[in-house]
$ cat input_8.tsv   # TSV, C-alpha atoms
chain	number	residue	atom	x	y	z
A	1380	MET	CA	157.16	84.00	217.05
A	1381	ALA	CA	154.88	86.97	216.50
A	1382	GLU	CA	157.32	89.30	218.25
A	1383	ARG	CA	160.73	88.00	217.30
A	1384	PRO	CA	162.03	85.66	214.57
A	1385	PHE	CA	164.28	82.76	215.40
A	1386	ILE	CA	166.43	83.41	212.32
A	1387	VAL	CA	167.09	86.28	209.90
A	1388	ILE	CA	168.65	85.42	206.54
A	1389	TRP	CA	170.40	88.22	204.65
A	1390	GLU	CA	171.21	87.75	200.98
A	1391	SER	CA	174.35	89.87	201.08
A	1392	THR	CA	174.97	89.61	197.33
A	1393	ARG	CA	173.85	87.66	194.29
A	1394	ALA	CA	177.39	87.45	192.94
A	1395	CYS	CA	178.64	83.86	192.76
A	1396	PRO	CA	180.98	81.98	190.41
A	1397	LEU	CA	178.86	78.81	190.52
A	1398	ALA	CA	175.94	77.86	188.28
A	1399	CYS	CA	173.86	75.66	190.58
A	1400	LEU	CA	170.88	73.98	188.93
A	1401	HIS	CA	168.49	74.89	191.77
A	1402	CYS	CA	169.65	78.45	192.53
A	1403	ARG	CA	166.90	80.53	194.09
A	1404	ALA	CA	168.82	83.76	193.51
A	1405	GLU	CA	169.68	82.98	189.88
A	1406	ALA	CA	173.16	84.15	190.87
A	1407	VAL	CA	175.38	86.07	188.47
A	1408	PRO	CA	179.16	86.66	188.30
A	1409	ASP	CA	179.12	90.34	189.28
A	1410	ARG	CA	177.78	92.27	192.27
A	1411	ASP	CA	174.66	94.38	191.91
A	1412	PRO	CA	175.27	98.12	192.51
A	1413	ARG	CA	171.90	98.24	194.33
A	1414	GLU	CA	173.17	95.96	197.12
A	1415	LEU	CA	173.07	97.21	200.69
A	1416	ASP	CA	176.43	98.92	201.17
A	1417	THR	CA	178.51	98.58	204.32
A	1418	ALA	CA	176.68	101.32	206.22
A	1419	ALA	CA	173.24	99.98	205.27
A	1420	ALA	CA	174.28	96.43	206.18
A	1421	LYS	CA	175.47	97.57	209.61
A	1422	ASP	CA	172.16	99.37	210.10
A	1423	LEU	CA	170.36	96.12	209.22
A	1424	MET	CA	172.31	94.34	211.95
A	1425	ARG	CA	171.28	97.02	214.45
A	1426	GLN	CA	167.67	96.44	213.39
A	1427	VAL	CA	168.11	92.72	214.08
A	1428	ALA	CA	169.56	93.51	217.51
A	1429	ALA	CA	166.49	95.68	218.17
A	1430	PHE	CA	164.34	92.55	218.41
A	1431	GLY	CA	165.90	92.12	221.84
A	1432	GLN	CA	168.07	89.54	223.54
A	1433	PRO	CA	168.69	86.84	222.73
A	1434	ALA	CA	168.86	88.30	219.24
A	1435	PRO	CA	167.81	86.18	216.27
A	1436	LEU	CA	170.51	84.20	214.52
A	1437	PHE	CA	171.72	86.32	211.59
A	1438	VAL	CA	172.87	84.29	208.60
A	1439	ILE	CA	174.84	86.01	205.85
A	1440	THR	CA	174.21	84.18	202.60
A	1441	GLY	CA	174.13	84.92	198.88
A	1442	GLY	CA	175.18	84.25	196.13
A	1443	ASP	CA	178.53	83.92	197.74
A	1444	PRO	CA	179.10	86.27	200.70
A	1445	PHE	CA	182.87	85.95	200.20
A	1446	GLN	CA	182.39	88.14	197.14
A	1447	ARG	CA	181.90	91.08	199.55
A	1448	PRO	CA	185.21	92.62	200.65
A	1449	ASP	CA	183.56	93.96	203.82
A	1450	LEU	CA	182.43	90.54	205.08
A	1451	THR	CA	184.74	90.32	208.10
A	1452	GLU	CA	184.00	93.94	209.02
A	1453	LEU	CA	180.28	93.19	209.00
A	1454	ILE	CA	180.67	90.04	211.09
A	1455	ALA	CA	182.68	91.97	213.68
A	1456	HIS	CA	180.02	94.70	213.76
A	1457	GLY	CA	177.27	92.16	214.29
A	1458	ALA	CA	179.15	90.53	217.14
A	1459	GLU	CA	179.67	93.92	218.79
A	1460	ALA	CA	175.93	94.64	218.42
A	1461	GLY	CA	175.06	91.41	220.25
A	1462	VAL	CA	173.95	89.51	217.14
A	1463	ARG	CA	175.01	85.90	216.56
A	1464	VAL	CA	176.34	85.76	213.00
A	1465	ALA	CA	176.71	82.67	210.81
A	1466	VAL	CA	177.94	82.55	207.22
A	1467	SER	CA	176.67	80.43	204.35
A	1468	PRO	CA	179.31	80.61	201.58
A	1469	SER	CA	179.51	78.81	198.26
A	1470	GLY	CA	182.05	76.05	197.74
A	1471	THR	CA	184.53	78.00	195.62
A	1472	PRO	CA	188.31	78.64	195.67
A	1473	THR	CA	187.60	81.67	197.91
A	1474	LEU	CA	186.62	79.26	200.69
A	1475	THR	CA	190.15	78.87	202.03
A	1476	PRO	CA	191.40	78.06	205.55
A	1477	LEU	CA	192.73	81.65	205.74
A	1478	ARG	CA	189.31	83.16	204.98
A	1479	LEU	CA	187.69	80.82	207.47
A	1480	ARG	CA	190.16	81.87	210.16
A	1481	GLU	CA	189.35	85.51	209.37
A	1482	ILE	CA	185.60	85.16	209.75
A	1483	HIS	CA	186.03	83.01	212.86
A	1484	ALA	CA	188.30	85.62	214.43
A	1485	ALA	CA	185.76	88.33	213.51
A	1486	GLY	CA	183.10	86.53	215.52
A	1487	ALA	CA	181.23	84.17	213.18
A	1488	VAL	CA	179.65	81.44	215.30
A	1489	GLY	CA	178.86	78.98	212.53
A	1490	LEU	CA	179.24	77.94	208.92
A	1491	SER	CA	176.62	76.48	206.61
A	1492	LEU	CA	177.84	74.42	203.64
A	1493	SER	CA	175.99	72.65	200.85
A	1494	LEU	CA	176.67	69.03	199.98
A	1495	ASP	CA	174.32	67.71	197.32
A	1496	GLY	CA	175.94	64.35	196.68
A	1497	SER	CA	178.36	61.91	198.28
A	1498	THR	CA	180.66	61.98	195.24
A	1499	ALA	CA	182.33	64.68	193.17
A	1500	GLU	CA	180.37	63.53	190.13
A	1501	LEU	CA	177.01	64.10	191.81
A	1502	HIS	CA	177.83	67.29	193.70
A	1503	ASP	CA	179.88	69.05	191.03
A	1504	GLY	CA	177.33	68.14	188.38
A	1505	PHE	CA	174.61	69.78	190.43
A	1506	ARG	CA	176.71	72.86	191.24
A	1507	GLY	CA	177.88	73.35	187.66
A	1508	VAL	CA	181.62	73.71	188.36
A	1509	PRO	CA	184.28	70.96	188.74
A	1510	GLY	CA	186.14	70.93	192.06
A	1511	VAL	CA	183.32	72.22	194.28
A	1512	TYR	CA	183.01	68.89	196.10
A	1513	ARG	CA	186.68	68.89	197.14
A	1514	TRP	CA	186.63	72.57	198.13
A	1515	THR	CA	183.55	71.94	200.27
A	1516	LEU	CA	185.02	68.96	202.11
A	1517	ASP	CA	188.29	70.80	202.73
A	1518	ALA	CA	186.42	73.84	204.09
A	1519	TRP	CA	184.28	71.58	206.27
A	1520	ASP	CA	187.33	69.99	207.86
A	1521	ALA	CA	189.08	73.35	208.26
A	1522	ALA	CA	186.07	74.91	209.96
A	1523	ARG	CA	185.74	71.98	212.34
A	1524	ALA	CA	189.44	72.28	213.19
A	1525	LEU	CA	188.84	75.94	214.10
A	1526	GLY	CA	186.04	74.92	216.44
A	1527	MET	CA	183.26	76.40	214.28
A	1528	LYS	CA	179.79	74.87	214.27
A	1529	VAL	CA	179.08	73.45	210.83
A	1530	GLN	CA	175.67	72.81	209.27
A	1531	ILE	CA	175.49	70.69	206.12
A	1532	ASN	CA	172.60	71.36	203.73
A	1533	THR	CA	171.55	68.83	201.09
A	1534	THR	CA	169.08	69.63	198.34
A	1535	VAL	CA	166.81	66.61	197.92
A	1536	ALA	CA	166.24	66.21	194.19
A	1537	ARG	CA	166.07	63.56	191.49
A	1538	HIS	CA	169.84	63.44	191.03
A	1539	ASN	CA	170.60	62.36	194.61
A	1540	LEU	CA	167.39	60.78	195.89
A	1541	HIS	CA	169.01	57.35	196.26
A	1542	ASP	CA	172.33	58.81	197.45
A	1543	LEU	CA	170.99	60.32	200.67
A	1544	PRO	CA	172.27	57.56	203.00
A	1545	ASP	CA	175.77	58.04	201.59
A	1546	VAL	CA	175.53	61.78	202.26
A	1547	VAL	CA	174.51	61.02	205.85
A	1548	ARG	CA	177.53	58.75	206.16
A	1549	LEU	CA	179.78	61.70	205.24
A	1550	VAL	CA	178.01	63.87	207.81
A	1551	ARG	CA	178.59	61.22	210.45
A	1552	ASP	CA	182.23	60.68	209.53
A	1553	HIS	CA	183.25	64.36	209.19
A	1554	GLY	CA	181.05	65.60	212.03
A	1555	ALA	CA	178.49	68.41	211.91
A	1556	MET	CA	176.26	70.33	214.28
A	1557	LEU	CA	173.31	69.62	212.00
A	1558	TRP	CA	172.30	68.03	208.70
A	1559	SER	CA	169.44	69.71	206.88
A	1560	ALA	CA	167.57	67.99	204.04
A	1561	PHE	CA	166.29	70.83	201.84
A	1562	PHE	CA	163.21	70.02	199.77
A	1563	LEU	CA	163.27	71.95	196.53
A	1564	VAL	CA	160.97	74.92	195.96
A	1565	PRO	CA	160.21	75.75	192.30
A	1566	THR	CA	161.67	79.23	192.16
A	1567	GLY	CA	164.67	80.72	190.35
A	1568	ARG	CA	166.58	78.14	188.34
A	1569	GLY	CA	164.97	75.42	190.45
A	1570	ARG	CA	161.81	75.65	188.31
A	1571	GLY	CA	163.44	73.38	185.75
A	1572	LEU	CA	164.20	70.49	188.11
A	1573	GLY	CA	161.97	67.47	188.55
A	1574	VAL	CA	159.62	67.41	191.52
A	1575	LEU	CA	159.14	64.67	194.08
A	1576	THR	CA	155.80	62.97	194.45
A	1577	PRO	CA	154.00	63.26	197.80
A	1578	ALA	CA	154.66	59.54	198.40
A	1579	GLU	CA	158.39	59.97	197.79
A	1580	THR	CA	158.41	62.97	200.10
A	1581	GLU	CA	156.82	60.90	202.88
A	1582	ASP	CA	159.44	58.20	202.39
A	1583	VAL	CA	162.31	60.67	202.59
A	1584	LEU	CA	160.87	62.48	205.62
A	1585	ASN	CA	160.60	59.21	207.51
A	1586	PHE	CA	164.16	58.33	206.49
A	1587	VAL	CA	165.34	61.71	207.85
A	1588	TYR	CA	163.50	60.92	211.08
A	1589	ASP	CA	165.25	57.56	211.34
A	1590	VAL	CA	168.78	58.87	210.79
A	1591	GLY	CA	168.14	61.49	213.46
A	1592	LEU	CA	169.35	58.83	215.87
A	1593	THR	CA	172.74	58.83	214.12
A	1594	VAL	CA	173.25	62.48	213.11
A	1595	PRO	CA	171.42	65.64	214.22
A	1596	ALA	CA	168.91	66.08	211.37
A	1597	LYS	CA	166.22	68.49	210.27
A	1598	THR	CA	164.43	69.56	207.10
A	1599	THR	CA	164.11	72.84	205.22
A	1600	GLU	CA	160.92	73.66	203.30
A	1601	ALA	CA	159.39	70.37	204.44
A	1602	HIS	CA	157.39	71.57	207.41
A	1603	HIS	CA	155.34	68.38	207.46
A	1604	PHE	CA	158.42	66.80	209.03
A	1605	ARG	CA	156.92	68.04	212.31
A	1606	ARG	CA	153.80	66.02	211.55
A	1607	VAL	CA	155.95	62.96	210.78
A	1608	ALA	CA	157.88	63.40	214.05
A	1609	LEU	CA	154.64	63.48	216.04
A	1610	GLN	CA	153.28	60.44	214.23
A	1611	ARG	CA	156.48	58.49	214.76
A	1612	ARG	CA	156.59	59.36	218.45
A	1613	ILE	CA	153.08	58.03	218.94
A	1614	LEU	CA	153.80	54.89	216.92
A	1615	SER	CA	156.91	54.33	219.01
A	1616	ASP	CA	154.73	54.40	222.13
A	1617	THR	CA	152.10	52.08	220.64
A	1618	GLY	CA	154.63	49.68	219.12
A	1619	ASP	CA	152.95	49.76	215.70
A	1620	ASP	CA	154.91	49.45	212.46
A	1621	PRO	CA	155.28	52.87	210.78
A	1622	VAL	CA	155.69	51.27	207.34
A	1623	THR	CA	152.22	49.76	207.64
A	1624	VAL	CA	150.41	52.56	209.47
A	1625	LEU	CA	151.92	55.39	207.40
A	1626	ARG	CA	151.90	53.37	204.17
A	1627	LEU	CA	155.54	54.01	203.42
A	1628	GLY	CA	156.78	52.94	200.01
A	1629	PRO	CA	159.69	51.22	198.29
A	1630	LEU	CA	161.90	54.31	198.38
A	1631	TYR	CA	161.77	54.33	202.19
A	1632	ARG	CA	162.71	50.66	202.35
A	1633	GLU	CA	165.57	51.19	199.90
A	1634	LEU	CA	166.95	54.14	201.90
A	1635	ARG	CA	166.67	52.20	205.15
A	1636	GLU	CA	168.44	49.17	203.69
A	1637	ARG	CA	171.28	51.31	202.35
A	1638	ALA	CA	171.55	53.07	205.72
A	1639	ALA	CA	171.85	49.69	207.43
A	1640	ASP	CA	174.55	48.63	204.97
A	1641	LEU	CA	176.50	51.78	205.92
A	1642	GLY	CA	176.10	51.16	209.65
A	1643	LEU	CA	173.86	54.18	210.15
A	1644	ASP	CA	171.40	52.18	212.23
A	1645	SER	CA	173.92	50.95	214.78
A	1646	GLY	CA	176.33	52.39	217.30
A	1647	GLY	CA	175.52	55.33	219.57
A	1648	ARG	CA	171.84	56.23	219.80
A	1649	ARG	CA	171.53	59.98	220.25
A	1650	ALA	CA	168.48	62.00	221.30
A	1651	ARG	CA	166.70	63.28	218.22
A	1652	ARG	CA	166.74	67.00	217.56
A	1653	PRO	CA	163.16	68.31	217.94
A	1654	PRO	CA	161.78	69.97	214.77
A	1655	LEU	CA	161.52	73.71	215.37
A	1656	ASP	CA	158.15	75.37	214.82
A	1657	VAL	CA	159.49	77.77	212.18
A	1658	ASN	CA	157.87	78.63	208.86
A	1659	ALA	CA	157.84	81.48	206.35
A	1660	GLY	CA	157.03	84.65	208.28
A	1661	ARG	CA	156.71	82.63	211.51
A	1662	GLY	CA	160.10	82.68	213.18
A	1663	PHE	CA	161.80	83.24	209.82
A	1664	VAL	CA	162.47	86.36	207.76
A	1665	PHE	CA	164.55	86.97	204.65
A	1666	VAL	CA	166.18	90.25	203.58
A	1667	SER	CA	167.28	90.50	199.95
A	1668	HIS	CA	170.48	92.06	198.63
A	1669	THR	CA	168.53	95.27	197.92
A	1670	GLY	CA	166.87	95.38	201.34
A	1671	THR	CA	163.41	94.06	200.49
A	1672	VAL	CA	161.86	91.89	203.20
A	1673	HIS	CA	160.21	88.54	202.47
A	1674	PRO	CA	158.77	85.76	204.65
A	1675	SER	CA	161.28	83.41	203.01
A	1676	GLY	CA	163.91	83.56	200.32
A	1677	PHE	CA	161.76	81.11	198.39
A	1678	LEU	CA	158.58	83.19	198.74
A	1679	PRO	CA	159.13	86.23	196.50
A	1680	LEU	CA	156.40	88.42	197.97
A	1681	GLY	CA	157.72	91.64	199.50
A	1682	ALA	CA	156.45	93.31	202.67
A	1683	GLY	CA	158.67	96.41	202.77
A	1684	ASN	CA	162.29	97.49	202.66
A	1685	VAL	CA	164.70	97.90	205.58
A	1686	ARG	CA	165.98	101.16	204.06
A	1687	GLU	CA	162.55	102.67	204.73
A	1688	THR	CA	160.90	100.67	207.54
A	1689	PRO	CA	162.53	98.96	210.53
A	1690	LEU	CA	162.69	95.20	210.21
A	1691	THR	CA	161.02	94.86	213.60
A	1692	ASP	CA	157.93	96.71	212.32
A	1693	ILE	CA	157.75	94.73	209.08
A	1694	TYR	CA	158.06	91.38	210.81
A	1695	ARG	CA	155.55	92.16	213.56
A	1696	ASP	CA	152.95	94.19	211.70
A	1697	ALA	CA	153.02	93.68	207.91
A	1698	GLY	CA	149.84	92.03	206.67
A	1699	LEU	CA	151.72	89.35	204.76
A	1700	PHE	CA	153.57	88.27	207.90
A	1701	THR	CA	150.58	88.36	210.25
A	1702	GLY	CA	148.55	86.46	207.67
A	1703	LEU	CA	151.10	83.69	207.34
A	1704	ARG	CA	151.13	83.28	211.13
A	1705	ASP	CA	147.36	82.61	211.10
A	1706	ALA	CA	146.78	78.87	210.56
A	1707	ASP	CA	143.06	79.51	210.03
A	1708	ARG	CA	143.84	81.17	206.68
A	1709	LEU	CA	145.27	78.00	205.18
A	1710	GLY	CA	143.30	76.46	202.35
A	1711	GLY	CA	142.69	73.01	200.92
A	1712	ARG	CA	143.83	69.99	202.92
A	1713	CYS	CA	146.17	72.16	205.03
A	1714	GLY	CA	143.19	74.15	206.28
A	1715	ARG	CA	141.34	70.98	207.31
A	1716	CYS	CA	144.37	69.20	208.79
A	1717	GLU	CA	144.63	68.44	212.49
A	1718	PHE	CA	148.37	69.11	212.26
A	1719	ARG	CA	148.01	72.57	210.71
A	1720	ARG	CA	149.11	74.51	213.80
A	1721	VAL	CA	152.34	72.55	214.18
A	1722	CYS	CA	153.02	72.10	210.47
A	1723	GLY	CA	151.36	74.54	208.08
A	1724	GLY	CA	153.14	73.13	205.03
A	1725	SER	CA	155.64	74.99	202.90
A	1726	ARG	CA	154.07	78.35	202.14
A	1727	SER	CA	156.89	78.93	199.65
A	1728	ARG	CA	156.13	75.77	197.68
A	1729	ALA	CA	152.40	76.45	197.80
A	1730	TYR	CA	153.03	79.86	196.25
A	1731	GLY	CA	155.57	78.53	193.75
A	1732	VAL	CA	153.14	75.90	192.46
A	1733	THR	CA	149.78	77.67	192.73
A	1734	GLY	CA	150.51	81.39	193.12
A	1735	ASP	CA	148.66	81.36	196.45
A	1736	PRO	CA	150.79	81.38	199.64
A	1737	TYR	CA	147.83	79.98	201.63
A	1738	ALA	CA	147.15	77.01	199.34
A	1739	GLU	CA	147.68	73.42	200.47
A	1740	GLU	CA	151.18	71.94	200.51
A	1741	PRO	CA	151.65	70.30	197.06
A	1742	TRP	CA	154.21	67.73	198.27
A	1743	CYS	CA	152.16	66.42	201.19
A	1744	GLY	CA	150.14	63.24	200.71
A	1745	TYR	CA	148.55	63.14	204.16
A	1746	ARG	CA	144.75	62.96	204.25
A	1747	PRO	CA	143.41	64.99	207.19
A	1748	GLY	CA	141.88	62.80	209.87
A	1749	SER	CA	143.46	59.57	208.63
A	1750	PHE	CA	145.97	59.08	211.46
A	1751	PRO	CA	144.48	56.28	213.59
A	1752	TYR	CA	145.42	57.73	216.98
A	1753	PRO	CA	143.57	61.05	217.32
A	1754	GLY	CA	143.31	60.75	221.10
A	1755	GLU	CA	147.05	60.25	221.55
A	1756	LEU	CA	147.75	63.15	219.19
A	1757	GLU	CA	145.36	65.45	221.01
A	1758	ALA	CA	146.95	64.54	224.34
A	1759	LEU	CA	150.43	65.18	222.97
A	1760	LEU	CA	149.54	68.54	221.44
A	1761	GLY	CA	147.49	69.54	224.45
A	1762	SER	CA	150.43	68.90	226.76
A	1763	GLY	CA	152.42	71.58	224.96
A	1764	VAL	CA	155.45	69.33	224.64
A	1765	PRO	CA	157.50	69.21	221.42
A	1766	ALA	CA	157.89	66.09	219.29
A	1767	HIS	CA	160.97	65.21	221.37
A	1768	PRO	CA	162.62	66.61	224.50
A	1769	ARG	CA	163.48	70.27	223.94
A	1770	GLY	CA	167.01	69.78	225.20
A	1771	ALA	CA	167.89	67.21	222.53
A	1772	GLN	CA	170.58	68.47	220.18

$ encode --input "input_8.tsv" --output "structure tokens"
Amino acid sequence: MAERPFIVIWESTRACPLACLHCRAEAVPDRDPRELDTAAAKDLMRQVAAFGQPAPLFVITGGDPFQRPDLTELIAHGAEAGVRVAVSPSGTPTLTPLRLREIHAAGAVGLSLSLDGSTAELHDGFRGVPGVYRWTLDAWDAARALGMKVQINTTVARHNLHDLPDVVRLVRDHGAMLWSAFFLVPTGRGRGLGVLTPAETEDVLNFVYDVGLTVPAKTTEAHHFRRVALQRRILSDTGDDPVTVLRLGPLYRELRERAADLGLDSGGRRARRPPLDVNAGRGFVFVSHTGTVHPSGFLPLGAGNVRETPLTDIYRDAGLFTGLRDADRLGGRCGRCEFRRVCGGSRSRAYGVTGDPYAEEPWCGYRPGSFPYPGELEALLGSGVPAHPRGAQ
């Protein structure tokens, strides 16, 4: 992770016709004249390829990347340069089967779509425009028909906290490579949304772990999911009840009961997808529409600009990036936690809440040293194995 990121996110534009309540980019209707132009964007892709093979996954996001008329040209260039390119568009009328066929033909390997509710009322209300729910489902089905890998992202917030099992049902029924539960970071327009309590976060993380047997599931900006996965693996071996040992609350029980009602706890039992050891600046890097480089799109501290310094140098050598890869710099409970080297907490949320990227994770309720099986944990971590078999997908 110190030499090469797993994923590079490029904010190709901030132009977007939606008005999402949580928008990190605070997107606007028109494109910014300071955006990386076609030549600069192609140079960025060559910089990504310079990390070596296999190259990091390069995700073109926004705003809405379909607002760029050179999108297919850029995808084709990335493919020629040996870079795997995925696209994360907004659910708008531009997201048509024709456009999807174009980006697929250009070489896009995957599509990332947002679904923040199981009904049009929930999703469209969160996205600020009527019709987004239907456009998203239609694009999802069209992409699957083309053979594209589809990832579904769901922002976990007050409006849909009790709707999550129904979202998972849609993921199961429509099919997806991956479902990602995104835990809100207070930045951009997301500062105005209500926060989850640490207890609620624990309940949701354990629910995500459970449904990982039904759909391939992960979290975004909830790095303590790796801690939960390790705890649950050990408890599975010991036969102890996670509700009792982990002190899970009524929200967890409600989500589990609804999941059972929907049949999400029966049928085929798949191997869980192991949580990847990726965090801000550690396996992850974000490039803004103007070329500034950040450890995450939700951590607005810059470490340079790709117009002036190669991305490889910024990622490997910038003090902000090397600092975030040093678990010994973490403060508060994160710094004392036995899980800090496999978790580290959301550095973006720590910064958003406290102004310090090394502060403790505000949405984590775990008390360091309280897990009753330190010997089993030490043996598991010492073996170097992940929370689940690496081949599980």

$ closest_residue --input "input_8.tsv" --among "A:Ala1434, A:Ala1560, A:Leu1543, A:Leu1699" --to "Arg1637 in chain A" --atoms "only C-alpha atoms"
A:Leu1543

$ residues_around --input "input_8.tsv" --residues "Arg1548 in chain A" --least-positions-apart "3" --cutoff "10 Å" --atoms "all atoms listed in the file" --output "list in words"
Ser1497, Leu1543, Pro1544, Asp1545, Arg1551, Asp1552, His1553, Gly1554, Val1590, Thr1593, Val1594, Ala1638, Leu1641, Gly1642 and Leu1643 of chain A

$ residues_around --input "input_8.tsv" --residues "range 1440-1444 of chain A" --least-positions-apart "3" --cutoff "6 Å" --atoms "all atoms listed in the file" --output "ChimeraX atom specification"
/A:1389-1395,1406,1447,1467-1469

$ atom_distance --input "input_8.tsv" --atom1 "CA of His1483 in chain A" --atom2 "CA of His1456 in chain A"
13.2 Å

$ atom_distance --input "input_8.tsv" --atom1 "CA of Ala1639 in chain A" --atom2 "CA of Ser1493 in chain A"
24.2 Å

$ residues_around --input "input_8.tsv" --residues "Gly1724 in chain A" --least-positions-apart "3" --cutoff "9 Å" --atoms "only C-alpha atoms" --output "MDAnalysis selection string"
chainID A and resid 1600:1603 1658 1713 1719 1727:1729 1739:1743

$ residues_around --input "input_8.tsv" --residues "Gly1711 in chain A" --least-positions-apart "3" --cutoff "8 Å" --atoms "all atoms listed in the file" --output "compact mmCIF listing (two decimals) with C-alpha atoms, in the coordinates of the input"
# COMPACT_ATOMS: atom_id res chain seq x y z
CA GLY A 1714 143.19 74.15 206.28
CA ARG A 1715 141.34 70.98 207.31
CA ALA A 1738 147.15 77.01 199.34
CA GLU A 1739 147.68 73.42 200.47

$ residues_around --input "input_8.tsv" --residues "Val1666 in chain A" --least-positions-apart "2" --cutoff "10 Å" --atoms "all atoms listed in the file" --output "list in words"
Val1387, Ile1388, Trp1389, Glu1390, Ser1391, Leu1423, Ile1439, Val1664, His1668, Thr1669, Gly1670, Thr1671, Val1672, His1673, Pro1674, Ser1675, Gly1676, Gly1681, Gly1683, Asn1684, Val1685 and Leu1690 of chain A

$ residues_near_point --input "input_8.tsv" --point "(186.7, 69.9, 197.4)" --cutoff "10 Å" --atoms "all atoms listed in the file" --output "PDB file with C-alpha atoms, in the frame of the given file"
ATOM      1  CA  GLY A1470     182.050  76.050 197.740  1.00  0.00           C
ATOM      2  CA  THR A1471     184.530  78.000 195.620  1.00  0.00           C
ATOM      3  CA  PRO A1472     188.310  78.640 195.670  1.00  0.00           C
ATOM      4  CA  LEU A1474     186.620  79.260 200.690  1.00  0.00           C
ATOM      5  CA  ALA A1499     182.330  64.680 193.170  1.00  0.00           C
ATOM      6  CA  HIS A1502     177.830  67.290 193.700  1.00  0.00           C
ATOM      7  CA  ASP A1503     179.880  69.050 191.030  1.00  0.00           C
ATOM      8  CA  PRO A1509     184.280  70.960 188.740  1.00  0.00           C
ATOM      9  CA  GLY A1510     186.140  70.930 192.060  1.00  0.00           C
ATOM     10  CA  VAL A1511     183.320  72.220 194.280  1.00  0.00           C
ATOM     11  CA  TYR A1512     183.010  68.890 196.100  1.00  0.00           C
ATOM     12  CA  ARG A1513     186.680  68.890 197.140  1.00  0.00           C
ATOM     13  CA  TRP A1514     186.630  72.570 198.130  1.00  0.00           C
ATOM     14  CA  THR A1515     183.550  71.940 200.270  1.00  0.00           C
ATOM     15  CA  LEU A1516     185.020  68.960 202.110  1.00  0.00           C
ATOM     16  CA  ASP A1517     188.290  70.800 202.730  1.00  0.00           C
ATOM     17  CA  ALA A1518     186.420  73.840 204.090  1.00  0.00           C
ATOM     18  CA  TRP A1519     184.280  71.580 206.270  1.00  0.00           C
TER      19      TRP A1519
END

$ closest_residue --input "input_8.tsv" --among "A:Trp1558, A:Phe1437, A:Phe1665, A:Tyr1737" --to "Val1464 in chain A" --atoms "only C-alpha atoms"
A:Phe1437

$ closest_residue --input "input_8.tsv" --among "A:Pro1565, A:Pro1689, A:Gly1660, A:Pro1679" --to "Arg1704 in chain A" --atoms "all atoms listed in the file"
A:Gly1660

$ atom_distance --input "input_8.tsv" --atom1 "CA of Asn1532 in chain A" --atom2 "CA of Ser1491 in chain A"
7.1 Å

$ closest_residue --input "input_8.tsv" --among "A:Thr1534, A:Thr1417, A:Thr1475, A:Thr1598" --to "Val1657 in chain A" --atoms "all atoms listed in the file"
A:Thr1598

$ closest_residue --input "input_8.tsv" --among "A:Leu1627, A:Leu1634, A:Leu1680, A:Ala1485" --to "Pro1577 in chain A" --atoms "only C-alpha atoms"
A:Leu1627

$ closest_residue --input "input_8.tsv" --among "A:Ala1428, A:Val1624, A:Val1721, A:Ile1531" --to "Pro1384 in chain A" --atoms "only C-alpha atoms"
A:Ala1428

$ build_atoms --input "input_8.tsv" --residues "range 1510-1520 of chain A" --atoms "N, CA and C atoms" --output "mmCIF file, in the coordinates of the input"
data_model
loop_
_atom_site.group_PDB
_atom_site.id
_atom_site.type_symbol
_atom_site.label_atom_id
_atom_site.label_comp_id
_atom_site.auth_asym_id
_atom_site.auth_seq_id
_atom_site.Cartn_x
_atom_site.Cartn_y
_atom_site.Cartn_z
ATOM 1 N N GLY A 1510 185.308 70.599 190.912
ATOM 2 C CA GLY A 1510 186.140 70.930 192.060
ATOM 3 C C GLY A 1510 185.395 71.388 193.287
ATOM 4 N N VAL A 1511 184.079 71.691 193.148
ATOM 5 C CA VAL A 1511 183.320 72.220 194.280
ATOM 6 C C VAL A 1511 183.248 71.208 195.422
ATOM 7 N N TYR A 1512 183.101 69.946 195.087
ATOM 8 C CA TYR A 1512 183.010 68.890 196.100
ATOM 9 C C TYR A 1512 184.259 68.890 196.982
ATOM 10 N N ARG A 1513 185.425 68.922 196.381
ATOM 11 C CA ARG A 1513 186.680 68.890 197.140
ATOM 12 C C ARG A 1513 186.847 70.161 197.962
ATOM 13 N N TRP A 1514 186.520 71.312 197.386
ATOM 14 C CA TRP A 1514 186.630 72.570 198.130
ATOM 15 C C TRP A 1514 185.703 72.547 199.353
ATOM 16 N N THR A 1515 184.515 71.985 199.172
ATOM 17 C CA THR A 1515 183.550 71.940 200.270
ATOM 18 C C THR A 1515 184.039 71.044 201.399
ATOM 19 N N LEU A 1516 184.527 69.857 201.071
ATOM 20 C CA LEU A 1516 185.020 68.960 202.110
ATOM 21 C C LEU A 1516 186.225 69.549 202.842
ATOM 22 N N ASP A 1517 187.115 70.198 202.098
ATOM 23 C CA ASP A 1517 188.290 70.800 202.730
ATOM 24 C C ASP A 1517 187.869 71.933 203.678
ATOM 25 N N ALA A 1518 186.902 72.753 203.238
ATOM 26 C CA ALA A 1518 186.420 73.840 204.090
ATOM 27 C C ALA A 1518 185.721 73.297 205.328
ATOM 28 N N TRP A 1519 184.980 72.233 205.163
ATOM 29 C CA TRP A 1519 184.280 71.580 206.270
ATOM 30 C C TRP A 1519 185.280 71.145 207.338
ATOM 31 N N ASP A 1520 186.317 70.457 206.916
ATOM 32 C CA ASP A 1520 187.330 69.990 207.860
ATOM 33 C C ASP A 1520 188.074 71.155 208.517
#
